[in-house]
Every structure is written in C-alpha cells, then in structure tokens.
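Novice: My structure is in work-v8.tsv, and what it holds is TSV, C-alpha atoms:
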```tsv
chain	number	residue	atom	x	y	z
F	12	MET	CA	-47.43	-17.05	29.13
F	13	GLU	CA	-46.23	-13.48	29.42
F	14	LEU	CA	-45.89	-13.95	33.18
F	15	LEU	CA	-43.89	-17.14	32.73
F	16	VAL	CA	-41.48	-15.30	30.43
F	17	ILE	CA	-41.01	-12.55	33.03
F	18	PHE	CA	-40.43	-15.13	35.76
F	19	ILE	CA	-37.90	-17.22	33.83
F	20	SER	CA	-36.07	-14.16	32.59
F	21	ALA	CA	-35.74	-12.71	36.13
F	22	LEU	CA	-34.75	-16.10	37.54
F	23	LEU	CA	-32.19	-17.29	35.01
F	24	ILE	CA	-31.47	-15.04	32.06
F	25	ASN	CA	-31.29	-11.62	33.66
F	26	ASN	CA	-30.21	-13.05	36.98
F	27	PHE	CA	-29.91	-10.23	39.48
F	28	VAL	CA	-26.45	-11.10	40.70
F	29	LEU	CA	-24.87	-12.40	37.52
F	30	HIS	CA	-26.43	-10.03	35.01
F	31	TYR	CA	-27.41	-6.84	36.86
F	32	PHE	CA	-24.63	-7.05	39.50
F	33	LEU	CA	-27.14	-6.26	42.23
F	34	GLY	CA	-26.79	-7.60	45.75
F	35	LEU	CA	-23.08	-8.28	45.42
F	36	CYS	CA	-22.25	-7.33	49.02
F	37	PRO	CA	-24.18	-10.24	50.58
F	38	PHE	CA	-23.21	-12.38	47.60
F	39	ILE	CA	-19.55	-12.03	48.59
F	40	GLY	CA	-20.05	-11.66	52.34
F	41	VAL	CA	-22.46	-14.49	53.15
F	42	SER	CA	-21.58	-17.07	50.50
F	43	ASN	CA	-18.88	-18.96	52.40
F	44	ARG	CA	-21.27	-21.45	54.04
F	45	LEU	CA	-24.15	-23.28	52.44
F	46	ASP	CA	-26.71	-23.03	55.27
F	47	SER	CA	-26.22	-19.31	55.86
F	48	ALA	CA	-26.36	-18.70	52.11
F	49	ALA	CA	-29.69	-20.51	51.94
F	50	SER	CA	-31.09	-18.43	54.83
F	51	MET	CA	-29.88	-15.23	53.22
F	52	GLY	CA	-31.50	-16.22	49.94
F	53	MET	CA	-34.81	-16.90	51.69
F	54	ALA	CA	-34.69	-13.60	53.57
F	55	VAL	CA	-33.92	-11.65	50.41
F	56	THR	CA	-36.67	-13.36	48.39
F	57	PHE	CA	-39.16	-12.65	51.14
F	58	VAL	CA	-38.30	-8.98	51.61
F	59	MET	CA	-37.83	-8.38	47.90
F	60	THR	CA	-41.32	-9.57	46.98
F	61	ILE	CA	-42.96	-7.47	49.70
F	62	ALA	CA	-40.79	-4.41	49.04
F	63	ALA	CA	-41.38	-4.43	45.29
F	64	THR	CA	-45.15	-4.73	45.59
F	65	VAL	CA	-45.38	-2.06	48.29
F	66	SER	CA	-43.13	0.29	46.28
F	67	TRP	CA	-45.31	-0.33	43.24
F	68	LEU	CA	-48.41	0.65	45.21
F	69	ILE	CA	-46.71	3.77	46.56
F	70	TYR	CA	-45.51	4.83	43.13
F	71	TYR	CA	-48.78	4.36	41.25
F	72	LEU	CA	-51.27	5.24	43.99
F	73	LEU	CA	-49.41	8.08	45.70
F	74	LEU	CA	-46.59	9.56	43.63
F	75	VAL	CA	-48.10	9.47	40.14
F	76	PRO	CA	-51.51	11.04	41.01
F	77	TYR	CA	-49.77	13.94	42.77
F	78	HIS	CA	-46.98	14.31	40.15
F	79	LEU	CA	-44.29	13.58	42.71
F	80	GLU	CA	-42.30	11.08	40.61
F	81	PHE	CA	-39.06	12.84	41.50
F	82	LEU	CA	-39.51	11.64	45.08
F	83	GLU	CA	-39.20	8.06	43.86
F	84	ILE	CA	-35.72	7.43	45.25
F	85	VAL	CA	-36.30	9.02	48.66
F	86	SER	CA	-39.67	7.36	49.22
F	87	PHE	CA	-38.56	3.90	48.05
F	88	ILE	CA	-35.53	3.80	50.32
F	89	LEU	CA	-37.58	4.96	53.31
F	90	VAL	CA	-40.29	2.41	52.58
F	91	ILE	CA	-37.74	-0.37	52.29
F	92	ALA	CA	-35.91	0.60	55.47
F	93	SER	CA	-39.09	0.74	57.54
F	94	LEU	CA	-40.48	-2.35	55.87
F	95	VAL	CA	-37.45	-4.39	56.88
F	96	GLN	CA	-37.96	-3.28	60.49
F	97	LEU	CA	-41.64	-4.22	60.35
F	98	VAL	CA	-40.96	-7.60	58.81
F	99	GLU	CA	-38.36	-8.26	61.48
F	100	MET	CA	-40.77	-7.43	64.32
F	101	PHE	CA	-43.56	-9.41	62.67
F	102	ILE	CA	-41.47	-12.55	62.21
F	103	ARG	CA	-40.14	-12.33	65.77
F	104	LYS	CA	-43.71	-12.32	67.13
F	105	VAL	CA	-45.26	-14.85	64.76
F	106	SER	CA	-42.57	-17.40	64.13
F	107	PRO	CA	-39.57	-17.57	66.49
F	108	PRO	CA	-37.92	-20.47	64.60
F	109	LEU	CA	-38.03	-18.51	61.34
F	110	TYR	CA	-36.66	-15.51	63.21
F	111	GLN	CA	-33.80	-17.66	64.49
F	112	ALA	CA	-32.97	-18.64	60.92
F	113	LEU	CA	-33.31	-15.23	59.26
F	114	GLY	CA	-32.85	-12.83	62.17
F	115	ILE	CA	-29.32	-11.59	61.67
F	116	TYR	CA	-29.71	-11.27	57.91
F	117	LEU	CA	-32.73	-8.98	57.97
F	118	PRO	CA	-31.01	-5.72	59.03
F	119	LEU	CA	-28.31	-6.33	56.41
F	120	ILE	CA	-30.96	-6.39	53.72
F	121	THR	CA	-31.78	-2.69	54.08
F	122	THR	CA	-28.55	-1.76	52.35
F	123	ASN	CA	-28.88	-4.54	49.79
F	124	CYS	CA	-29.01	-2.85	46.42
F	125	ALA	CA	-31.00	-5.74	44.94
F	126	ILE	CA	-34.09	-4.72	46.92
F	127	LEU	CA	-34.05	-1.10	45.81
F	128	GLY	CA	-32.97	-2.29	42.37
F	129	VAL	CA	-36.01	-4.49	41.88
F	130	ALA	CA	-38.31	-1.66	42.97
F	131	LEU	CA	-36.69	0.77	40.53
F	132	LEU	CA	-36.64	-1.75	37.69
F	133	THR	CA	-40.35	-2.51	37.94
F	134	VAL	CA	-41.07	1.19	37.49
F	135	LEU	CA	-38.52	1.47	34.68
F	136	LYS	CA	-40.03	-1.48	32.83
F	137	GLY	CA	-43.60	-0.28	33.45
F	138	TYR	CA	-44.88	-3.58	34.86
F	139	ASN	CA	-48.42	-3.87	36.20
F	140	PHE	CA	-49.14	-5.18	39.69
F	141	ILE	CA	-49.22	-8.91	38.91
F	142	GLU	CA	-46.14	-8.65	36.71
F	143	THR	CA	-44.32	-6.85	39.53
F	144	LEU	CA	-45.20	-9.64	41.93
F	145	VAL	CA	-43.97	-12.34	39.52
F	146	PHE	CA	-40.85	-10.37	38.55
F	147	SER	CA	-39.76	-9.74	42.14
F	148	LEU	CA	-40.39	-13.34	43.15
F	149	GLY	CA	-38.33	-14.56	40.19
F	150	ALA	CA	-35.56	-12.09	40.98
F	151	GLY	CA	-35.46	-13.20	44.62
F	152	LEU	CA	-35.34	-16.88	43.72
F	153	GLY	CA	-32.65	-16.08	41.13
F	154	PHE	CA	-30.58	-14.39	43.84
F	155	SER	CA	-31.05	-17.44	46.11
F	156	LEU	CA	-30.04	-19.77	43.29
F	157	ALA	CA	-26.87	-17.81	42.56
F	158	ILE	CA	-25.80	-17.45	46.21
F	159	ILE	CA	-26.48	-21.14	46.98
F	160	ILE	CA	-24.49	-22.35	43.95
F	161	MET	CA	-21.71	-19.95	44.93
F	162	ALA	CA	-21.65	-21.20	48.53
F	163	GLY	CA	-21.45	-24.78	47.29
F	164	ILE	CA	-18.45	-23.90	45.14
F	165	ARG	CA	-16.74	-21.88	47.87
F	166	GLU	CA	-17.03	-24.72	50.39
F	167	GLU	CA	-15.04	-26.87	47.99
F	168	LEU	CA	-12.69	-24.03	47.14
F	169	GLU	CA	-11.46	-23.93	50.72
F	170	PHE	CA	-9.40	-27.04	49.98
F	171	ALA	CA	-7.86	-25.56	46.85
F	172	ASP	CA	-4.48	-23.88	46.76
F	173	VAL	CA	-5.32	-20.29	45.81
F	174	PRO	CA	-2.52	-17.67	45.50
F	175	GLU	CA	-2.34	-15.59	48.67
F	176	SER	CA	-3.25	-12.26	47.05
F	177	LEU	CA	-6.19	-13.74	45.15
F	178	LYS	CA	-7.95	-15.07	48.24
F	179	GLY	CA	-11.28	-13.59	49.33
F	180	ALA	CA	-13.03	-11.25	46.95
F	181	GLY	CA	-10.66	-11.93	44.04
F	182	ILE	CA	-11.26	-15.64	43.60
F	183	THR	CA	-14.97	-15.22	44.42
F	184	MET	CA	-15.32	-12.74	41.58
F	185	ILE	CA	-13.53	-14.96	39.09
F	186	THR	CA	-15.74	-17.88	40.12
F	187	ALA	CA	-18.77	-15.62	39.69
F	188	GLY	CA	-17.52	-14.74	36.22
F	189	ILE	CA	-17.43	-18.41	35.25
F	190	LEU	CA	-20.93	-18.80	36.72
F	191	ALA	CA	-22.11	-15.81	34.69
F	192	LEU	CA	-20.72	-17.46	31.55
F	193	ALA	CA	-22.62	-20.63	32.40
F	194	PHE	CA	-25.83	-18.68	32.98
F	195	MET	CA	-25.46	-17.07	29.55
F	196	GLY	CA	-26.39	-20.48	28.18
F	197	PHE	CA	-29.93	-19.86	29.43
F	198	SER	CA	-30.38	-16.85	27.17
F	199	GLY	CA	-31.52	-19.16	24.38
F	200	LEU	CA	-34.58	-20.10	26.44
F	201	ILE	CA	-36.53	-17.01	25.39
F	202	LYS	CA	-36.47	-15.46	21.97
T	25	MET	CA	-1.82	20.07	57.68
T	26	SER	CA	-0.12	16.70	57.39
T	27	ARG	CA	-3.11	15.04	59.02
T	28	LEU	CA	-5.44	16.58	56.47
T	29	TRP	CA	-3.13	15.51	53.66
T	30	LYS	CA	-3.23	11.98	55.04
T	31	GLU	CA	-7.04	11.98	55.09
T	32	PHE	CA	-6.95	13.13	51.50
T	33	ILE	CA	-4.60	10.54	50.02
T	34	LYS	CA	-5.57	7.46	52.04
T	35	GLY	CA	-8.46	6.69	49.67
T	36	TRP	CA	-6.18	6.59	46.62
T	37	TRP	CA	-4.39	3.39	47.51
T	38	LYS	CA	-4.12	2.35	51.16
T	39	GLU	CA	-7.87	2.42	51.81
T	40	ASN	CA	-9.03	2.27	48.21
T	41	PRO	CA	-12.80	1.78	48.48
T	42	VAL	CA	-13.03	-0.65	45.58
T	43	PHE	CA	-9.95	-2.86	45.79
T	44	VAL	CA	-9.14	-2.81	49.50
T	45	MET	CA	-12.49	-2.33	51.21
T	46	VAL	CA	-14.51	-4.10	48.46
T	47	LEU	CA	-17.34	-1.58	48.73
T	48	GLY	CA	-19.68	-0.25	46.05
T	49	MET	CA	-19.40	-3.26	43.81
T	50	CYS	CA	-22.62	-2.81	41.81
T	51	PRO	CA	-21.56	0.32	39.90
T	52	THR	CA	-17.96	-0.84	39.69
T	53	LEU	CA	-18.97	-3.90	37.73
T	54	ALA	CA	-22.12	-2.71	36.01
T	55	VAL	CA	-21.12	0.54	34.35
T	56	THR	CA	-17.52	-0.20	33.41
T	57	ASN	CA	-18.35	-1.67	29.99
T	58	SER	CA	-17.27	1.66	28.48
T	59	VAL	CA	-15.06	4.49	29.69
T	60	GLN	CA	-17.78	7.04	28.99
T	61	ASN	CA	-20.27	5.32	31.32
T	62	ALA	CA	-17.58	5.03	33.97
T	63	ILE	CA	-16.86	8.76	33.80
T	64	GLY	CA	-20.56	9.52	34.20
T	65	MET	CA	-20.72	7.27	37.24
T	66	ILE	CA	-17.57	8.77	38.78
T	67	GLY	CA	-19.05	12.24	38.37
T	68	ALA	CA	-22.32	11.27	40.01
T	69	VAL	CA	-20.66	9.45	42.92
T	70	THR	CA	-18.21	12.32	43.52
T	71	PHE	CA	-21.04	14.84	43.61
T	72	VAL	CA	-23.15	12.76	46.00
T	73	LEU	CA	-20.25	11.83	48.27
T	74	ILE	CA	-18.93	15.39	48.63
T	75	GLY	CA	-22.40	16.87	49.03
T	76	SER	CA	-23.57	14.45	51.66
T	77	SER	CA	-20.25	14.52	53.55
T	78	LEU	CA	-20.55	18.30	53.74
T	79	ILE	CA	-24.12	18.22	55.04
T	80	VAL	CA	-23.56	15.33	57.43
T	81	SER	CA	-20.45	16.91	58.98
T	82	LEU	CA	-22.33	20.20	59.37
T	83	ILE	CA	-25.30	18.63	61.16
T	84	ARG	CA	-23.38	15.96	63.06
T	85	LYS	CA	-23.92	17.62	66.45
T	86	ILE	CA	-27.67	18.13	66.03
T	87	VAL	CA	-28.64	14.64	64.89
T	88	PRO	CA	-29.57	12.24	67.70
T	89	ASN	CA	-27.57	9.03	67.63
T	90	GLN	CA	-30.57	6.70	67.23
T	91	VAL	CA	-31.80	8.20	63.99
T	92	ARG	CA	-28.44	8.96	62.41
T	93	ILE	CA	-28.54	6.21	59.76
T	94	ALA	CA	-32.02	7.25	58.61
T	95	THR	CA	-30.86	10.88	58.47
T	96	PHE	CA	-27.80	9.99	56.42
T	97	ILE	CA	-29.93	8.01	53.99
T	98	VAL	CA	-32.34	10.89	53.47
T	99	VAL	CA	-29.45	13.31	52.89
T	100	ILE	CA	-27.82	10.91	50.43
T	101	ALA	CA	-31.12	10.23	48.65
T	102	THR	CA	-31.65	13.95	48.18
T	103	PHE	CA	-28.28	14.39	46.50
T	104	VAL	CA	-28.81	11.29	44.39
T	105	THR	CA	-32.15	12.64	43.17
T	106	MET	CA	-30.41	15.88	42.19
T	107	ALA	CA	-27.68	14.02	40.29
T	108	ASP	CA	-30.22	11.75	38.61
T	109	ARG	CA	-32.40	14.66	37.44
T	110	TYR	CA	-29.38	16.62	36.24
T	111	LEU	CA	-28.09	13.71	34.14
T	112	ALA	CA	-31.55	13.04	32.74
T	113	ALA	CA	-31.93	16.69	31.74
T	114	TYR	CA	-28.50	17.44	30.28
T	115	TYR	CA	-27.12	14.04	29.26
T	116	PRO	CA	-30.19	11.95	28.37
T	117	GLU	CA	-28.19	9.30	26.51
T	118	LEU	CA	-25.73	8.77	29.34
T	119	SER	CA	-28.61	8.68	31.80
T	120	LYS	CA	-30.27	5.98	29.73
T	121	ALA	CA	-27.07	3.94	29.50
T	122	LEU	CA	-26.54	4.09	33.27
T	123	GLY	CA	-30.17	3.06	33.82
T	124	PRO	CA	-31.07	2.19	37.40
T	125	TYR	CA	-27.47	2.46	38.58
T	126	VAL	CA	-27.66	6.21	39.25
T	127	PRO	CA	-30.62	5.91	41.68
T	128	LEU	CA	-28.84	2.93	43.17
T	129	ILE	CA	-26.02	5.19	44.41
T	130	VAL	CA	-28.32	5.64	47.45
T	131	VAL	CA	-27.44	2.17	48.69
T	132	ASN	CA	-23.80	2.35	47.58
T	133	CYS	CA	-21.91	1.24	50.68
T	134	ILE	CA	-18.99	3.64	49.97
T	135	ILE	CA	-21.18	6.66	50.57
T	136	LEU	CA	-23.07	5.48	53.65
T	137	GLY	CA	-19.81	3.99	54.94
T	138	ARG	CA	-17.96	7.32	54.75
T	139	GLN	CA	-20.81	9.15	56.50
T	140	GLU	CA	-20.90	6.61	59.32
T	141	ALA	CA	-17.15	6.15	59.68
T	142	PHE	CA	-15.89	9.66	59.00
T	143	ALA	CA	-18.18	12.61	58.26
T	144	SER	CA	-20.32	12.08	61.37
T	145	LYS	CA	-17.23	12.26	63.59
T	146	ASN	CA	-15.02	14.89	61.94
T	147	GLY	CA	-15.08	18.56	61.01
T	148	VAL	CA	-16.14	20.01	57.68
T	149	ILE	CA	-12.68	20.45	56.10
T	150	ALA	CA	-11.47	16.96	57.03
T	151	SER	CA	-14.74	15.41	55.83
T	152	LEU	CA	-14.56	17.20	52.49
T	153	LEU	CA	-10.97	16.05	51.94
T	154	ASP	CA	-11.90	12.52	52.95
T	155	ALA	CA	-14.83	12.53	50.51
T	156	LEU	CA	-12.68	13.94	47.71
T	157	GLY	CA	-9.92	11.42	48.36
T	158	MET	CA	-12.35	8.51	48.39
T	159	SER	CA	-13.93	9.73	45.15
T	160	ILE	CA	-10.49	9.83	43.55
T	161	GLY	CA	-9.82	6.27	44.74
T	162	PHE	CA	-13.17	5.18	43.33
T	163	GLY	CA	-12.37	7.03	40.10
T	164	ILE	CA	-8.95	5.37	39.73
T	165	ALA	CA	-10.51	1.92	40.17
T	166	LEU	CA	-13.33	2.60	37.71
T	167	MET	CA	-10.99	4.07	35.10
T	168	PHE	CA	-8.77	0.98	35.32
T	169	MET	CA	-11.73	-1.40	35.05
T	170	SER	CA	-13.41	0.42	32.19
T	171	SER	CA	-10.19	0.99	30.23
T	172	VAL	CA	-9.30	-2.70	30.33
T	173	ARG	CA	-12.84	-3.72	29.42
T	174	GLU	CA	-13.35	-1.23	26.62
T	175	ILE	CA	-9.94	-1.76	25.02
T	176	LEU	CA	-10.18	-5.55	25.12
T	177	GLY	CA	-13.91	-5.69	24.49
T	178	SER	CA	-14.29	-3.26	21.60
T	179	GLY	CA	-10.74	-2.15	20.74
T	180	THR	CA	-11.56	1.47	21.59
T	181	TRP	CA	-10.92	3.90	24.43
T	182	LEU	CA	-13.56	6.58	25.06
T	183	GLY	CA	-14.83	5.85	21.54
T	184	MET	CA	-11.41	6.35	19.90
T	185	LYS	CA	-9.88	3.44	18.06
T	186	VAL	CA	-6.70	2.27	19.80
T	187	LEU	CA	-6.26	-1.20	18.42
T	188	GLY	CA	-6.04	-1.70	14.66
T	189	SER	CA	-8.40	-3.63	12.43
T	190	TRP	CA	-6.31	-6.78	13.00
T	191	TYR	CA	-7.76	-6.95	16.48
T	192	ILE	CA	-10.74	-9.20	17.06
T	193	PRO	CA	-12.62	-7.82	20.10
T	194	TRP	CA	-13.16	-10.14	23.04
T	195	GLN	CA	-16.93	-10.00	23.19
T	196	VAL	CA	-16.90	-11.47	26.69
T	197	MET	CA	-15.20	-8.40	28.15
T	198	ILE	CA	-18.23	-6.15	27.68
T	199	LEU	CA	-20.60	-8.88	28.87
T	200	PRO	CA	-21.29	-9.28	32.61
T	201	ALA	CA	-18.89	-12.23	32.88
T	202	GLY	CA	-16.01	-10.04	31.72
T	203	ALA	CA	-16.65	-7.58	34.55
T	204	PHE	CA	-16.20	-10.32	37.13
T	205	PHE	CA	-12.98	-11.57	35.49
T	206	VAL	CA	-11.43	-8.12	35.13
T	207	TYR	CA	-12.27	-7.26	38.74
T	208	GLY	CA	-10.84	-10.56	39.97
T	209	PHE	CA	-7.55	-10.10	38.15
T	210	LEU	CA	-7.17	-6.39	39.00
T	211	TYR	CA	-7.84	-7.24	42.67
T	212	TRP	CA	-5.13	-9.88	42.44
T	213	GLY	CA	-2.67	-7.43	40.90
T	214	PHE	CA	-3.53	-4.70	43.39
T	215	ARG	CA	-3.02	-6.96	46.39
T	216	ALA	CA	0.21	-8.42	44.99
T	217	ILE	CA	1.73	-4.97	44.36
T	218	ASP	CA	0.56	-3.75	47.76
T	219	LYS	CA	2.21	-6.71	49.46
T	220	ALA	CA	5.47	-6.26	47.56
T	221	PHE	CA	5.60	-2.60	48.62
T	222	THR	CA	4.83	-3.16	52.29
T	223	LYS	CA	7.49	-5.87	52.46
T	224	GLY	CA	10.26	-3.91	50.74
```
Starting from the coordinates I provided, produce the structure as structure tokens.
Specialist:
Amino acid sequence: MELLVIFISALLINNFVLHYFLGLCPFIGVSNRLDSAASMGMAVTFVMTIAATVSWLIYYLLLVPYHLEFLEIVSFILVIASLVQLVEMFIRKVSPPLYQALGIYLPLITTNCAILGVALLTVLKGYNFIETLVFSLGAGLGFSLAIIIMAGIREELEFADVPESLKGAGITMITAGILALAFMGFSGLIK
Amino acid sequence: MSRLWKEFIKGWWKENPVFVMVLGMCPTLAVTNSVQNAIGMIGAVTFVLIGSSLIVSLIRKIVPNQVRIATFIVVIATFVTMADRYLAAYYPELSKALGPYVPLIVVNCIILGRQEAFASKNGVIASLLDALGMSIGFGIALMFMSSVREILGSGTWLGMKVLGSWYIPWQVMILPAGAFFVYGFLYWGFRAIDKAFTKG
C-alpha cells in the first residue's frame, strides 16, 4: 500500500515536470513531435530507474559508512554521466533497434536535471531500496506522461495563430501551466 | 576595454540566459515563489558560475579536449558542494526552502554552457566578466519572476506587505502552475520589447 502511494504520488501528484520543474530542457526541446517525445520518455524512464538505484547503493554502501556524505553531489553526477555511457554501449550491442529509437536521446540525458533530481530526492526523503525503485519508476513514467501529453498538444498548436513573440518557449510554458492546473486535480487521490 | 565591456553587458539583455537562451529553467521556475528564495538562488548561482569560470579559464590549456566536459562537471560540482554546505551551515531555513535545487545547480545548463562556450576559450579577465554579466542577467530574470509571483500570490514583497488588506491573493501564483504562466507572459513581454527596439 505504502509503495502504491509512493508510485501514484511520483507519477501524478508530484509529477516531476509539472510539480518539481525537473527535466524542463527536454520537455521544451523534444516535445514538438509525438514519436520523439515517446522515445525520450522511454529513455528517461530507463536511465532514471537505473541511476536512482545505483546512486542509492553508492550513497548507503559507500558514502555513509565512510562519512563522506558531502561527496554526494560529485559522486552522483559522475555515476550518472558514466552510467549513461555504459547504458548507451550496452543497448548498442544488445538491441540495435532499441538503440535506433533511443540513441540520440541518451547523451542528452546526462544533463537532464530530472535524473540527478530523483537521485537527490530519494536521499532527501530517506527511502529504502524498494521504495527508491518504485519512486524512480513512477517519476520516469510521470515524465513520459507529461512529455507525451505536451507533444500531442503542440502538434495541434502548430495550426493555431500564436502571436509572433509568444512562439516557442512562451506558449509551451503557458500550455504547461494549464497542464499543471489540470494535474492539481489529482492531489485529492491521496490524503 | 570596449570588448570587455561588451562581454560584461551582453548577458543582461541581448543574451539573457533565461529569456533569450531559455537555459536553467528548473531554478527559474522552482524557487521564484518568494523573493527571498530567489535571492538565495541568485547568490548560489553567482558564486558557482564565477568560481568555475575562473578555474576553467585558468586550466583551459592543460585539459585535454576529450575529457573537458567531465572536468568542467567536477569543477562545477565542487563549487556547488561548497555553496550547498555554506547555505546549510549559515542559513538553514533558506537551505531547507531551496531543497534539492541547490545541488541541482550542477546540471544547470547556464553554468556548463558558459564553461563550454566561453571560459574554456577565453582569458581569465574576460571569463570573469562574462560570468558576472550572465549572473546579473540571471538575477534580473529571477527578481522579475519572483516579484510578480510574490506580490500577486501573497501580496508581499520580501516579506513586507505591499498590497492592502483589500487584496485577495491569487493562490495559483505561488503554486507550480503560476510559475509556468508568469514565465510564459514575461517571455512574451521580453520578446515583444526586444523586437520593438531592434526595429526602431
């Protein structure tokens, strides 16, 4: 039950994009077409789950026993950067079609604040290993949900008559604001 | 001298990191629910940006090209850790309010972007001015965002009451949705003014 609450809250209520404002760069950059948004969402979910669990292991098995908690930021970012490289090489060897779909998005993910954000938040919230796994999976799927909805809206928006100066990031942000309002409706799900 | 001056002021408006280059969105939206949080964030970003620009421009000739990004990230992460620890020690409440957003400065694209685009190619003085100018541009944007949100959302500015008791605060402005709206409209205004100026 506890795990379900964590999952739903990461997926819908505290949605990473619409509540924590994490991962906004890809959210704006890659949300203009539906298929690329879906691939980006998959890549982020995948890397996020692995990165969060590995960071959790590093923090509790390596940093805490040796009282090196202040190295949290440096070690997490290095782990994530090398992990992305590893995942990229692994996918290229094991599954070329998957690499075709995700390939170009993987390097971009290193600088995605959502990945580091989820690793930092699991430490901040003091989750155990299973909770970390469920939380990061929910957060990744929440990111995918938000970016896919956004891409769907933006594909339609191309036919709308938007003021010249509002085009691009401006109208995307206002749309995201309306989406965030809609997602607030989910907050009644959990007391 | 005029070249240095140009490097210094370009970040204020023409290459404003937030409204023109659309970089560093997470802190811009997340911490602008009050002016106080925004000031804390501006301080932290300024410190990290200036510190890492200084180091990166000093070591730019020693670092091999292949590992430059990794080097920049380690330098930035070191400064971010310093800023994070300092805030936690001296301003525990502010540190709590900013939450994970101070450590997240590591992946703020403004900082890595300036190292890659400027500090790794230019001398120390120019890099420092560039970093300072960009921080001012970031500061201007954050002050605008947080002022609008705090005044409309709670009727106060930096905790001082500016709107009378007749004013009913717009709750939405301090919620996440408000951040998106305020950014959208400020971006619109910024671009419209910029266009009017370049035309006339």
Novice: Produce a table with one row for each residue of chain F that has an atom at most 8 Å from any atom of chain T, each row naming the nearest atom pair and its distance in Å at one decimal; use all atoms listed in the file; arrange rows by chain and rising residue number; format as a tab-separated table.
Specialist:
```
residue	atom	partner	partner_atom	distance
F:Leu29	CA	T:Pro200	CA	6.8
F:His30	CA	T:Pro200	CA	5.7
F:Tyr31	CA	T:Ala54	CA	6.8
F:Phe32	CA	T:Cys50	CA	5.2
F:Leu33	CA	T:Cys50	CA	5.7
F:Gly34	CA	T:Cys50	CA	7.5
F:Leu35	CA	T:Met49	CA	6.4
F:Cys36	CA	T:Met49	CA	7.2
F:Phe81	CA	T:Thr105	CA	7.1
F:Leu82	CA	T:Thr105	CA	7.7
F:Ile84	CA	T:Ala101	CA	6.4
F:Val85	CA	T:Ala101	CA	5.3
F:Ile88	CA	T:Ile97	CA	7.9
F:Leu89	CA	T:Val98	CA	7.9
F:Thr122	CA	T:Val131	CA	5.5
F:Asn123	CA	T:Val131	CA	7.0
F:Cys124	CA	T:Val131	CA	5.7
F:Leu127	CA	T:Leu128	CA	7.1
F:Gly128	CA	T:Leu128	CA	6.7
F:Leu131	CA	T:Pro124	CA	6.6
F:Leu132	CA	T:Pro124	CA	6.8
F:Leu135	CA	T:Pro124	CA	8.0
F:Ser176	CA	T:Arg215	CA	5.3
F:Leu177	CA	T:Trp212	CA	4.8
F:Ala180	CA	T:Gly208	CA	7.3
F:Gly181	CA	T:Gly208	CA	4.3
F:Ile182	CA	T:Gly208	CA	6.3
F:Thr183	CA	T:Gly208	CA	7.7
F:Met184	CA	T:Phe204	CA	5.1
F:Ile185	CA	T:Phe205	CA	5.0
F:Ala187	CA	T:Phe204	CA	6.4
F:Gly188	CA	T:Ala201	CA	4.4
F:Ile189	CA	T:Ala201	CA	6.8
F:Leu190	CA	T:Ala201	CA	7.9
F:Ala191	CA	T:Ala201	CA	5.1
F:Leu192	CA	T:Ala201	CA	5.7
```
Novice: Hey, can you check how far atom CA of Pro41 of chain T sits from atom CA of Gly147 of chain T?
Specialist: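 So the answer is 21.1 Å.
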Novice: Identify, on the basis of all atoms listed in the file, every residue whose closest approach to Arg84 of chain T does not exceed 8 Å; exclude the query and any residue fewer than 6 positions from it along the same chain; express the result as a list in words.
Specialist: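 Result of the neighbour search: Ala143, Ser144 and Lys145 of chain T.
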Novice: Could the residues in this selection be saved with C-alpha atoms as an mmCIF file, in the frame of the given file?
Specialist:
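As written to disk, out03.cif reads:
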```
data_model
loop_
_atom_site.group_PDB
_atom_site.id
_atom_site.type_symbol
_atom_site.label_atom_id
_atom_site.label_comp_id
_atom_site.auth_asym_id
_atom_site.auth_seq_id
_atom_site.Cartn_x
_atom_site.Cartn_y
_atom_site.Cartn_z
ATOM 1 C CA ALA T 143 -18.180 12.610 58.260
ATOM 2 C CA SER T 144 -20.320 12.080 61.370
ATOM 3 C CA LYS T 145 -17.230 12.260 63.590
#
```
Novice: Go through T:Ser81, T:Gln139, T:Ser26, T:Thr56 one by one, measure the shortest atom-to-atom distance of each to Ile93 of chain T using only C-alpha atoms, and give the residue with the smallest value.
Specialist: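 Nearest candidate to Ile93 of chain T out of T:Ser81, T:Gln139, T:Ser26, T:Thr56: T:Gln139.
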Novice: Take atom CA of Thr143 of chain F and atom CA of Phe27 of chain F and report the distance between them in Å, one decimal.
Specialist: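 A separation of 14.8 Å between them.
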Novice: So which residues touch Ile126 of chain F within 8 Å, counting only C-alpha atoms, skipping near sequence neighbours fewer than 5 positions away, as a list in words?
Specialist: Gly34, Val55, Val58, Met59, Ala62, Ala63, Ile91, Ile120 and Thr121 of chain F
Novice: Rank T:Val186, T:Ile134, T:Ala107, T:Val91 by their smallest atom-to-atom distance to Phe162 of chain T, using all atoms listed in the file, and report the top residue only.
Specialist: T:Ile134
Novice: Would you mind telling me which residue in F:Phe194, F:Phe146, F:Trp67, F:Phe18 lies nearest to Ile160 of chain F when using all atoms listed in the file?
Specialist: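 Among F:Phe194, F:Phe146, F:Trp67, F:Phe18, it is F:Phe194 that comes nearest to Ile160 of chain F.
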Novice: In Å to one decimal, how far is atom CA of Met65 of chain T from atom CA of Phe32 of chain T?
Specialist: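 Between these atoms lies a distance of 20.7 Å.
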Novice: What's around Leu152 of chain T at 10 Å? Count all atoms listed in the file, leave out sequence neighbours fewer than 5 positions away in its own chain, and write the answer as a PyMOL selection string.
Specialist: chain T and resi 28+31-32+73-79+81+143+146-147+157-158
Novice: Can you fill out segment 20-29 of chain F with N, CA and C atoms and hand it back as a compact mmCIF listing (two decimals), keeping the file's coordinate frame?
Specialist:
```txt
# COMPACT_ATOMS: atom_id res chain seq x y z
N SER F 20 -37.12 -15.10 32.94
CA SER F 20 -36.07 -14.16 32.59
C SER F 20 -35.47 -13.54 33.86
N ALA F 21 -36.30 -13.26 34.89
CA ALA F 21 -35.74 -12.71 36.13
C ALA F 21 -34.94 -13.77 36.88
N LEU F 22 -35.39 -15.02 36.77
CA LEU F 22 -34.75 -16.10 37.54
C LEU F 22 -33.41 -16.50 36.92
N LEU F 23 -33.38 -16.70 35.61
CA LEU F 23 -32.19 -17.29 35.01
C LEU F 23 -31.45 -16.35 34.06
N ILE F 24 -32.17 -15.73 33.14
CA ILE F 24 -31.47 -15.04 32.06
C ILE F 24 -30.91 -13.71 32.54
N ASN F 25 -31.77 -12.88 33.11
CA ASN F 25 -31.29 -11.62 33.66
C ASN F 25 -31.12 -11.76 35.16
N ASN F 26 -30.42 -12.80 35.56
CA ASN F 26 -30.21 -13.05 36.98
C ASN F 26 -29.67 -11.81 37.68
N PHE F 27 -30.26 -11.50 38.84
CA PHE F 27 -29.91 -10.23 39.48
C PHE F 27 -28.43 -10.12 39.83
N VAL F 28 -27.85 -11.19 40.30
CA VAL F 28 -26.45 -11.10 40.70
C VAL F 28 -25.55 -11.17 39.47
N LEU F 29 -25.83 -12.11 38.59
CA LEU F 29 -24.87 -12.40 37.52
C LEU F 29 -25.10 -11.55 36.28
```
